[in-house]
Amino acid sequence: MLPERLRRVIELFALLPGVGEKTAQRFALHLASDASRVAEELGRELSELSSRIRPCARCQNLADVSEGEEAVCAICRDPRRDARLLCIVHRVQDLLAIERSGAMRGRYFVLGRLLSPLDGIGPDQLPVQALLERVRADGVSEVIVATPPSVDGEATALFLARELSALGVRVSRIASGVPHGGDLEFADQVTLGRAIDGRRSMG
């Protein structure tokens, strides 16, 4: 029913996370029918993406890079950031979520993976040495561990706290509890327990 090349574009769009077959088809048909300029610009940007975007040499966030330059992201280049405060996250998506909150004025370190014995990911697969070197080089005084509140995330947080304690820095863990606007009825036991344990005085 559709040209082979268009079917291939739909298949590629459908490989993206969160994009189903119908959405992929809608994207492809729009680009083919109504948006030739957008299609041209998108194609040009995508063709240069792998050569122009690299992990930041300091934190593993994504960074623009020109030939011959070291890849350093905008956050690491920003002199207004507090270099003594470092937030450890699992993925770049987590970094972006924290940035949207506006609550973090320090810098970041992206692990890229979590401890997961079932997947064969042990301590040797984590970038621990790069993290420790970053803490020493920047004179970091506090590290916020913002790994997800999952089994793997908690195991990773405990491991990192143990490794970082030898450097004498303060290690804190993000709080977890009932989300704003959420009903207690639908919260799980672990979330409710942490909400109670992490209570603060109102006076």
# chains A, B, ... in the order shown; residues from 1 in each chain; ligands from 1
call {"tool": "select_by_dssp", "arguments": {"residues": "stretch 29-72 of chain A", "states": "strand (DSSP E)", "output": "ChimeraX atom specification"}}
result
/A:53-55,62-64
call {"tool": "select_by_dssp", "arguments": {"residues": "stretch 23-55 of chain A", "states": "helix (DSSP H, G or I)", "output": "ChimeraX atom specification"}}
result
/A:23-33,36-52
call {"tool": "closest_atom_pairs", "arguments": {"of": "stretch 141-165 of chain A", "to": "stretch 100-121 of chain A", "cutoff": "10 Å", "atoms": "only C-alpha atoms", "output": "Markdown table"}}
result
| residue | atom | partner | partner_atom | distance |
| --- | --- | --- | --- | --- |
| A:Glu142 | CA | A:Gly106 | CA | 9.7 |
| A:Val143 | CA | A:Tyr108 | CA | 9.3 |
| A:Ile144 | CA | A:Tyr108 | CA | 9.2 |
| A:Val145 | CA | A:Phe109 | CA | 9.7 |
| A:Ala146 | CA | A:Tyr108 | CA | 10.0 |
| A:Thr147 | CA | A:Leu114 | CA | 8.2 |
| A:Pro148 | CA | A:Leu114 | CA | 9.4 |
| A:Val151 | CA | A:Ser116 | CA | 8.7 |
| A:Asp152 | CA | A:Leu115 | CA | 5.6 |
| A:Gly153 | CA | A:Leu114 | CA | 6.3 |
| A:Glu154 | CA | A:Leu115 | CA | 9.1 |
| A:Ala155 | CA | A:Leu115 | CA | 6.6 |
| A:Thr156 | CA | A:Leu115 | CA | 5.4 |
| A:Ala157 | CA | A:Leu114 | CA | 9.0 |
| A:Phe159 | CA | A:Leu115 | CA | 8.8 |
call {"tool": "residues_around", "arguments": {"residues": "stretch 19-21 of chain A", "least_positions_apart": "6", "cutoff": "8 Å", "atoms": "only C-alpha atoms", "output": "PyMOL selection string"}}
result
chain A and resi 10-11+13
call {"tool": "write_last_selection", "arguments": {"atoms": "C-alpha atoms", "output": "short mmCIF file (atom, residue, chain, number, x, y, z; two decimals), in the first residue's frame"}}
result
data_model
loop_
_atom_site.label_atom_id
_atom_site.label_comp_id
_atom_site.auth_asym_id
_atom_site.auth_seq_id
_atom_site.Cartn_x
_atom_site.Cartn_y
_atom_site.Cartn_z
CA ILE A 10 8.03 4.04 9.33
CA GLU A 11 9.93 0.98 10.58
CA PHE A 13 10.54 5.64 13.54
#
call {"tool": "closest_residue", "arguments": {"among": "A:Val171, A:Val9, A:Val190, A:Leu96", "to": "A:Gly43", "atoms": "only C-alpha atoms"}}
result
A:Val9
call {"tool": "closest_residue", "arguments": {"among": "A:Ile88, A:Gln93, A:Arg80, A:Ser66", "to": "A:Leu131", "atoms": "only C-alpha atoms"}}
result
A:Ile88
call {"tool": "residues_around", "arguments": {"residues": "stretch 44-49 of chain A", "least_positions_apart": "3", "cutoff": "12 Å", "atoms": "only C-alpha atoms", "output": "VMD selection string"}}
result
chain A and resid 37 to 41 52 to 54 62 to 66
call {"tool": "atom_distance", "arguments": {"atom1": "atom CA of A:Arg7", "atom2": "atom CA of A:Lys22"}}
result
12.0 Å
call {"tool": "residues_around", "arguments": {"residues": "A:Arg77", "least_positions_apart": "4", "cutoff": "10 Å", "atoms": "only C-alpha atoms", "output": "ChimeraX atom specification"}}
result
/A:58,72-73,81,107
call {"tool": "write_last_selection", "arguments": {"atoms": "C-alpha atoms", "output": "short mmCIF file (atom, residue, chain, number, x, y, z; two decimals), in the first residue's frame"}}
result
data_model
loop_
_atom_site.label_atom_id
_atom_site.label_comp_id
_atom_site.auth_asym_id
_atom_site.auth_seq_id
_atom_site.Cartn_x
_atom_site.Cartn_y
_atom_site.Cartn_z
CA ARG A 58 33.82 15.51 32.42
CA VAL A 72 32.39 19.58 27.29
CA CYS A 73 28.68 20.11 27.92
CA ARG A 81 27.44 26.36 38.65
CA ARG A 107 27.05 19.86 38.36
#
call {"tool": "atom_distance", "arguments": {"atom1": "atom CA of A:Leu164", "atom2": "atom CA of A:Leu126"}}
result
13.6 Å
call {"tool": "closest_residue", "arguments": {"among": "A:Gly182, A:Ala175, A:Ser50, A:Ser36", "to": "A:Ala195", "atoms": "only C-alpha atoms"}}
result
A:Ala175
call {"tool": "closest_residue", "arguments": {"among": "A:Val135, A:Leu85, A:Ala161, A:Ala130", "to": "A:Gln60", "atoms": "only C-alpha atoms"}}
result
A:Ala130
call {"tool": "closest_residue", "arguments": {"among": "A:Glu133, A:Asp34, A:Asp78, A:Asp94", "to": "A:Asn61", "atoms": "only C-alpha atoms"}}
result
A:Asp94
call {"tool": "atom_distance", "arguments": {"atom1": "atom CA of A:Gln189", "atom2": "atom CA of A:Arg173"}}
result
19.3 Å
